[in-house]
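Reviewing the structure listed below.
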Amino acid sequence: MELKARVPTHREVAFRPEDREELHRLYHQMLLIRRFEERVAEMYTRARVGGYTHLNIGEEATVVGSAAALEPTDYLINSYREHGHVLARGTDPGRVMAELFGKETGVVRGRGGSMHLFDLERRFLGGYAIVGSHLPLAVGVALAIDYRNGREVVMCAFGEGATNIGAFHESMNLAKLWRLPIVFLCTNNQYAMGAAVHQDSAVVEIYRKACAYDMRAQRVDGMDVLGVREACREAVRIARDERQPSFIEALSYRFRGHSMADPARYRTQEEVQAWVARDPVVTFRRRLEEADLIAAEEAELLADRVEREVNAAIDFAERSPDPDPVDLFADVYAGGGD
Ligand SMILES: Cc1ncc(C[n+]2csc(CCOP(=O)(O)OP(=O)(O)O)c2C)c(N)n1
């Protein structure tokens with residue numbers, strides 16, 4: 001079978017000095033996600049955060065680059081590894097941290113926790129813990145948009161492990177069959193829990209799976225924020241204007257274990273270090289510096305600002321009240337039950 005898409009794995013996107021402000025915004029978001037996640041790890045070990053917690057550390061370029069391709073009216077839906085995505089959508093870090101702390105001021109009033117973030121105002125539709133379960137939901141949202149002749153686009157993010165799930169294939173089929181305005185964004189961070197991609201997927205170049213559905217597919221360097229943004233922008237344009245779905249595989253790496261409970265003993269330190277050498281936050285800053293687009297003092301000011309923002313988020317979460325036990329069954333059944 002002839003492949004529909006053969007693309008280079010990496011395309012350097014040239015800096016344009018006139019984009020300085022926007023580049024600083026992207027760098028700020030990446031730095032915010034990095035520090036937020038580092039502090040979440042700390043708060044988890046201090047037992048402030050309960051349940052499971054999955055971090056985006058190492059994936060910031062993919063998270064920020066893809067979100068930057070969306071309009072505020074577009075939708076983003078994701079798996080449980082979603083703290084960064086909701087921050088990139090512009091949700092207040094304090095309300096995200098409060099959710100992780102299980103507080104009443106959290107984005108879903110402390111009922112969801114780390115894996116079930118949601119912010120309808122910013123069109124962030126969750127946060128789903130069952131691998132692949134949100135893909136049919138994303139297709140449903142895209143169908144609703146199409147039915148109403150809407151101009152919005154759905155971006156559906158997930159890991160490469162989810163592409164081995166039946167619902168992935170059903171979703172790809174219907175999206176293509178009905179020409180839905182959706183972008184499937186697969187963050188291939190190389191592992192699904194302890195399974196390396198070659199151990200659980202018959203096809204290791206994940207983007208090739210889209211060829212079975214005759215869908216436009218592309219692999220990009222997930223450590224390059226501008227490359228991800230460019231690929232996603234084109235996919236979003238095609239979804240919006242041509243009513244065609246796309247599949248993007250962003251090659252990335254999670255620097256930490258699968259969740260906070262995972263010491264990641266199934267991979268070598270050499271492998272981890274080789275990816276850490278391409279740290280997306282560090283390399284982006286270096287590129288900005290080399291292009292004279294950020295001065296050392298500006299970078300320091302940004303880092304200070306991020307430090308204050310994350311401290312304020314933790315402070316807000318700490319000071320917020322727990323949910324009232326009286327409300328335990330509120331919102332469980334529709335109609336209030338009276
Ligand atoms: C249907 C289902 N099977 C198994 C699990 C357990 N599980 C949780 S995360 C995960 C790995 C998923 O990996 P991937 O989709 O690549 O996403 P990543 O965690 O790497 O972001 C598994 C198997 C689950 N939550 N749901």
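Identifiers in this document derive from the order of the structure tokens: chains are assigned A, B, ..., residues are numbered from 1 separately in each chain, and ligands are numbered from 1 in order of occurrence.
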
Pick out the residues no farther than 6 Å from ligand 1, counting only C-alpha atoms and all ligand atoms, and list them as an MDAnalysis selection string.
chainID A and resid 81 129:131 158:162 189 191:193 258

Out of range 119-314 of chain A, which residues get strand (DSSP E or B) from DSSP, as a VMD selection string?
chain A and resid 119 124 to 128 154 to 159 182 to 188 191 to 192 195 to 196 216 to 221 246 to 251

For Ser133 in chain A, which of A:Leu117, A:Val108, A:Ala167, A:Leu185 is the closest residue, counting only C-alpha atoms?
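Nearest to Ser133 in chain A: A:Ala167.
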
Which residues of range 217-292 of chain A come within 6 Å of range 171-181 of chain A, and for each one, what is the closest pair of atoms and their distance in Å to one decimal, counting only C-alpha atoms, sorted by chain and residue number, as a Markdown table?
```
| residue | atom | partner | partner_atom | distance |
| --- | --- | --- | --- | --- |
| A:Ala239 | CA | A:Pro181 | CA | 4.2 |
| A:Arg240 | CA | A:Pro181 | CA | 5.8 |
| A:Arg243 | CA | A:Pro181 | CA | 5.2 |
| A:Gln244 | CA | A:Arg179 | CA | 4.9 |
| A:Pro245 | CA | A:Pro181 | CA | 5.7 |
```

Distance of CA of Arg267 in chain A from CA of Ala195 in chain A, expressed in Å to one decimal place:
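Going from CA of Ala195 in chain A over to CA of Arg267 in chain A, I get 9.8 Å.
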
Would you return as an NGL selection string the members of range 75-266 of chain A that DSSP assigns to alpha helix (DSSP H) on this structure's backbone?
:A and (83-88 or 93-100 or 134-147 or 166-177 or 197-200 or 225-242)

Of the candidates A:Pro72, A:Glu60, A:Pro321, A:Phe124, which one gets nearest to Asp224 in chain A if we count only C-alpha atoms?
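The answer is A:Glu60, which sits nearest to Asp224 in chain A.
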